[in-house]
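To start, the structure itself, in structure tokens.
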Amino acid sequence: MTEATEAPATPKPTRIAPIVTLDSKSFWDAADREEFVGQKCGDCGQFTFPPRPMCPHCHSLARVEVKLSGYGTVHSYTIPRHPHPFGFKEAPVVAVILLDEGIRFVSNVVGVTPEDMKFDMPVEVMFEPTMNQHKLPVFRPRSTR
Amino acid sequence: MSRPGRTFTEAAIAGIGATEFSKESGRSELQLAAECSLAACEDAGVNPADIDGMITFTIDNSDEVTLARCLGVKDLAYTARIPGGGAAAAATIFQAMALVNAGVCKNVLVWRAMNERSQYRFGQNPAQGQMSYSAGNGTGSLLWCVPFGAMTPASWGALQTSRYMHTYGVSNRDLGYLAVQQRAYAATNPKAWFYEKPITLEDHQNSKWIQEPWLRLLDCCQESDGGQALLITSLERARDLRQKPVKISGACQSIPYNVEVISNYYHDDLTIMPEAWGTAKRLYAQTGMQPSDMQAAMLYEAFSPHALMQLEAFGFCGKGEAKDFIKSGEIAIDGSLPINTHGGLLGEAYIHGMNSMAEGVRQVRGTSVNQVKKRKVENVLVSSGMAGAILSAV
Ligand SMILES: [Zn+2]
């Protein structure tokens, strides 16, 4: 598109939108509202991730959305160099985040160079837009220790 | 007189068959499946019409009934498909064994055929390719990794092994010793894509980053076109067939709680492959064997660190010791445990691990181009992580 625009427009997000299944809908709906929620069993209270319709501990179908602290540490990470990930200007830092609640979540660490990535570094959640007007949780180095 | 389904019959691999391994087969996947299946039957000396069981991977594109009609299978008694991508490789042997053990089938064909280079590529970004979300096909990877830029098997694998490499100080250079050895095996294997193309550690270190700072190009399996089939029957019948029988002493699957195929980040300890530990435990319990009873091993290595983690899981060395085990030459042909002697998925071809199953058979038969000779081959371990088998001479 070469059309000139008057005001500086926010660049359109190029990140792929999540695949939303019926069982993960509440998680992604919350992310769209910039809320990072986990799935807790409505009966025995234990966390499960990825979301699933039945609690593996007590087989309850009752699910409760719980706001997560948004704090965690980098448990593992990689920089996908080739092929270049679709929709990213620079190769992102992809990481498995160990959340303070004890569950693991794959995400990005933003605002840090690959050279400065360290295992177990503390991170905190923030949100980035995707295509099709969704948002998803990513992490940045934690501001206060 | 025992009734069908109420017996126990020892099982053996009687035939192996493959197409050529290439980057562009120039024919349909169904044709590759038919060609390698026929080759396995001819190798065994079994009439394809007598196949009564057929097993493949969930993601194999060839329809079993159509393949059966190519082969002229006259009375099929059982079909099944196994999930988990390449994890299904050794599981095909397990399920074929179980069918023979139980007297359900007499001649089980297992196959995997794919144009995984010329027709589609697993390593392609899903937004540009045809990967779709479906059961048995790495569901977690697509749902929970792709929006974050982890879009390829290498990225999922790197996330899985980086905690292991970090914890035990395994550098990318350490992985190079595995690639160099497997390419040396491939260099003397005329069927290998990398026949007569060995590499040095420097070549490995100069290859481009696929997943920085963990995996370089030469740590990754190939993308290949080709087909590989095995024919499993009773040990008793195999004794009368064309080839020296290869007894299936033990075989199993193992999928511990919270383990996923490749996007395997949710179980307790990311420095191990719990599925391979589970496979090892089951196999050793079934057979009464131990690591020192194996003279060779074929370990699924879509990415080189997975071979290291399996060496540890199967007890060939301690936790964190695989890098030194590899560096000290233990996996070479005169070492204590030659592995992936056909060149593996890095060196021979990537037929989703099935070509490594065939190499296990050849080592037991004594017909590998890189035959283990230091010790007489009695038992070979074949593993695809979530499944494994011990193949034995009789
Ligand atoms: Zn519960």
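To be explicit about the labels: the chains of the structure tokens are called A, B, and onward in the order shown, and within each one the residues are counted from 1, while ligands get numbers from 1 in the order they are shown.
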
Please build the interface table for chain A against ligand 1 with a cut-off of 7 Å, listing for each qualifying residue the nearest atom pair and the distance in Å to one decimal; count only C-alpha atoms and all ligand atoms, order rows by chain and increasing number, and write it as JSON lines.
```
{"residue": "A:Cys41", "atom": "CA", "partner": "ligand 1", "partner_atom_place_in_ligand_line": "1 (Zn)", "distance": 4.6}
{"residue": "A:Gly42", "atom": "CA", "partner": "ligand 1", "partner_atom_place_in_ligand_line": "1 (Zn)", "distance": 6.6}
{"residue": "A:Asp43", "atom": "CA", "partner": "ligand 1", "partner_atom_place_in_ligand_line": "1 (Zn)", "distance": 5.1}
{"residue": "A:Cys44", "atom": "CA", "partner": "ligand 1", "partner_atom_place_in_ligand_line": "1 (Zn)", "distance": 4.0}
{"residue": "A:Gly45", "atom": "CA", "partner": "ligand 1", "partner_atom_place_in_ligand_line": "1 (Zn)", "distance": 6.0}
{"residue": "A:Gln46", "atom": "CA", "partner": "ligand 1", "partner_atom_place_in_ligand_line": "1 (Zn)", "distance": 6.0}
{"residue": "A:Cys55", "atom": "CA", "partner": "ligand 1", "partner_atom_place_in_ligand_line": "1 (Zn)", "distance": 4.6}
{"residue": "A:Pro56", "atom": "CA", "partner": "ligand 1", "partner_atom_place_in_ligand_line": "1 (Zn)", "distance": 6.6}
{"residue": "A:His57", "atom": "CA", "partner": "ligand 1", "partner_atom_place_in_ligand_line": "1 (Zn)", "distance": 4.9}
{"residue": "A:Cys58", "atom": "CA", "partner": "ligand 1", "partner_atom_place_in_ligand_line": "1 (Zn)", "distance": 4.1}
{"residue": "A:His59", "atom": "CA", "partner": "ligand 1", "partner_atom_place_in_ligand_line": "1 (Zn)", "distance": 5.8}
{"residue": "A:Ser60", "atom": "CA", "partner": "ligand 1", "partner_atom_place_in_ligand_line": "1 (Zn)", "distance": 5.3}
```

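Residues of region 26-97 of chain B that DSSP, applied to the backbone, places in strand (DSSP E): Gly53, Met54, Ile55, Thr56, Phe57, Tyr78, Thr79, Ala80, Arg81 and Ile82 of chain B.
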
**Item:** Residues of chain B within 10 Å of chain A, counting only C-alpha atoms, as an NGL selection string
**Value:** :B and (123-128 or 133 or 140-152 or 154-167 or 208-217 or 257-258 or 263 or 265-268 or 270)

Give me a file of those residues, with C-alpha atoms, as a compact mmCIF listing (two decimals), in the first residue's frame.
```txt
# COMPACT_ATOMS: atom_id res chain seq x y z
CA GLY B 123 9.90 -26.83 9.28
CA GLN B 124 7.87 -24.25 7.42
CA ASN B 125 6.13 -21.41 9.26
CA PRO B 126 2.57 -22.64 9.75
CA ALA B 127 1.11 -19.38 8.48
CA GLN B 128 2.62 -20.18 5.10
CA TYR B 133 -4.57 -28.19 14.46
CA GLY B 140 0.24 -28.00 22.13
CA SER B 141 2.86 -26.59 19.80
CA LEU B 142 0.34 -24.97 17.52
CA LEU B 143 -2.01 -23.71 20.22
CA TRP B 144 0.48 -22.37 22.71
CA CYS B 145 3.69 -21.67 20.80
CA VAL B 146 2.98 -20.35 17.31
CA PRO B 147 1.74 -16.83 18.22
CA PHE B 148 5.05 -16.30 20.03
CA GLY B 149 7.20 -17.07 17.00
CA ALA B 150 7.95 -20.68 17.90
CA MET B 151 6.57 -21.99 14.65
CA THR B 152 8.78 -24.91 13.71
CA ALA B 154 13.26 -26.95 15.77
CA SER B 155 11.95 -24.07 17.88
CA TRP B 156 9.77 -26.37 19.97
CA GLY B 157 12.64 -28.83 20.36
CA ALA B 158 15.10 -26.09 21.34
CA LEU B 159 12.77 -24.79 24.05
CA GLN B 160 12.53 -28.34 25.35
CA THR B 161 16.26 -29.03 25.49
CA SER B 162 17.70 -25.65 26.42
CA ARG B 163 17.04 -26.19 30.12
CA TYR B 164 18.87 -29.53 29.85
CA MET B 165 21.80 -27.99 27.97
CA HIS B 166 21.99 -25.08 30.41
CA THR B 167 21.81 -27.28 33.50
CA LYS B 208 23.98 -21.40 10.42
CA TRP B 209 21.98 -20.99 13.58
CA ILE B 210 18.50 -22.46 13.38
CA GLN B 211 17.80 -21.88 17.08
CA GLU B 212 20.37 -19.65 18.75
CA PRO B 213 22.27 -20.52 20.90
CA TRP B 214 21.26 -24.20 20.86
CA LEU B 215 20.79 -25.73 17.43
CA ARG B 216 22.67 -25.20 14.20
CA LEU B 217 21.62 -26.52 10.81
CA TYR B 257 1.48 -37.52 32.89
CA ASN B 258 1.76 -34.00 31.47
CA SER B 263 6.16 -29.00 23.06
CA TYR B 265 7.31 -28.09 28.81
CA TYR B 266 4.71 -29.02 31.41
CA HIS B 267 6.14 -32.03 33.23
CA ASP B 268 8.19 -31.68 36.41
CA LEU B 270 12.83 -30.31 31.88
```

**Prompt:** In region 205-273 of chain B, what's alpha helix (DSSP H) per DSSP? Answer as a list in words?
**Reply:**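 Result set for region 205-273 of chain B (alpha helix (DSSP H)): Gln205, Asn206, Leu235, Glu236, Arg237, Ala238 and Arg239 of chain B.
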
Give me a file of those residues, with C-alpha atoms, as an mmCIF file, in the first residue's frame.
```
data_model
loop_
_atom_site.group_PDB
_atom_site.id
_atom_site.type_symbol
_atom_site.label_atom_id
_atom_site.label_comp_id
_atom_site.auth_asym_id
_atom_site.auth_seq_id
_atom_site.Cartn_x
_atom_site.Cartn_y
_atom_site.Cartn_z
ATOM 1 C CA GLN B 205 30.306 -24.873 14.002
ATOM 2 C CA ASN B 206 30.169 -22.908 10.745
ATOM 3 C CA LEU B 235 8.963 -65.859 15.612
ATOM 4 C CA GLU B 236 8.025 -69.403 14.681
ATOM 5 C CA ARG B 237 6.946 -68.409 11.197
ATOM 6 C CA ALA B 238 9.897 -66.042 10.786
ATOM 7 C CA ARG B 239 12.288 -68.956 11.249
#
```

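Within 6 Å of region 103-115 of chain B there are Pro4, Gly5, Thr7, Glu29, Leu32, Ala33, Ile51, Asp52, Gly53, Met54, Ile55, Thr56, Ala96, Leu99, Val100, Ser118, Gln119, Asp225, Gly226, Gly227, Gln228, Ala229, Leu230, Leu231, Ile232 and Thr233 of chain B, counting only C-alpha atoms and ignoring same-chain residues fewer than 3 positions away.
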
**Request:** Tell me, as a PyMOL selection string, which residues lie within 10 Å of Ala387 (chain B), counting only C-alpha atoms; anything in the same chain fewer than 6 positions away does not count.
**Result:** chain B and resi 86-94+251-255+275-276+278-280+282-283

**Request:** Go through A:Met54, A:Leu22, A:Val66, A:Leu61 and flag the residue nearest Val37 (chain A), using only C-alpha atoms for the distances.
**Result:** A:Val66

At a cut-off of 10 Å, using only C-alpha atoms, what residues contact Trp193 (chain B)? Leave out same-chain residues fewer than 3 positions from it and give the result as a CSV table (one decimal) with N, CA and C atoms, in the first residue's frame.
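Written output follows (part_16.csv):
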```csv
chain,number,residue,atom,x,y,z
B,20,GLU,N,14.1,-45.5,-2.3
B,20,GLU,CA,15.2,-44.6,-2.2
B,20,GLU,C,14.9,-43.4,-1.3
B,21,PHE,N,15.8,-42.8,-0.7
B,21,PHE,CA,15.6,-41.6,0.1
B,21,PHE,C,16.1,-40.4,-0.7
B,22,SER,N,15.2,-39.4,-0.9
B,22,SER,CA,15.6,-38.3,-1.8
B,22,SER,C,15.0,-37.0,-1.3
B,23,LYS,N,15.1,-36.0,-2.1
B,23,LYS,CA,14.5,-34.7,-1.8
B,23,LYS,C,13.3,-34.4,-2.7
B,186,ALA,N,27.0,-42.0,7.8
B,186,ALA,CA,26.2,-41.8,6.5
B,186,ALA,C,27.2,-41.8,5.3
B,187,ALA,N,28.4,-41.3,5.6
B,187,ALA,CA,29.3,-41.2,4.5
B,187,ALA,C,29.7,-42.6,3.9
B,189,ASN,N,27.4,-45.1,3.9
B,189,ASN,CA,26.1,-45.8,3.6
B,189,ASN,C,25.5,-45.3,2.3
B,190,PRO,N,25.6,-46.1,1.3
B,190,PRO,CA,25.2,-45.7,-0.1
B,190,PRO,C,23.7,-45.3,-0.1
B,196,GLU,N,29.1,-40.3,1.3
B,196,GLU,CA,30.4,-39.8,0.9
B,196,GLU,C,30.5,-38.3,1.2
B,197,LYS,N,29.7,-37.8,2.1
B,197,LYS,CA,29.8,-36.4,2.5
B,197,LYS,C,30.0,-36.2,4.0
B,222,GLN,N,17.2,-34.2,8.5
B,222,GLN,CA,17.0,-33.7,7.1
B,222,GLN,C,15.5,-33.6,6.9
B,224,SER,N,13.0,-35.2,4.0
B,224,SER,CA,13.2,-36.2,3.0
B,224,SER,C,11.9,-36.7,2.4
B,343,GLY,N,23.6,-43.5,9.9
B,343,GLY,CA,23.7,-42.0,9.8
B,343,GLY,C,22.6,-41.3,10.4
B,346,LEU,N,19.8,-37.4,10.8
B,346,LEU,CA,20.7,-36.3,10.4
B,346,LEU,C,21.4,-36.7,9.1
B,347,GLY,N,21.8,-38.0,9.0
B,347,GLY,CA,22.7,-38.4,7.9
B,347,GLY,C,22.1,-39.2,6.8
B,348,GLU,N,21.2,-40.2,7.2
B,348,GLU,CA,20.7,-41.0,6.2
B,348,GLU,C,19.5,-40.3,5.5
B,349,ALA,N,18.4,-40.2,6.3
B,349,ALA,CA,17.2,-39.5,5.8
B,349,ALA,C,16.2,-39.4,7.0
B,350,TYR,N,15.2,-38.5,6.7
B,350,TYR,CA,14.2,-38.4,7.8
B,350,TYR,C,12.9,-39.0,7.3
```
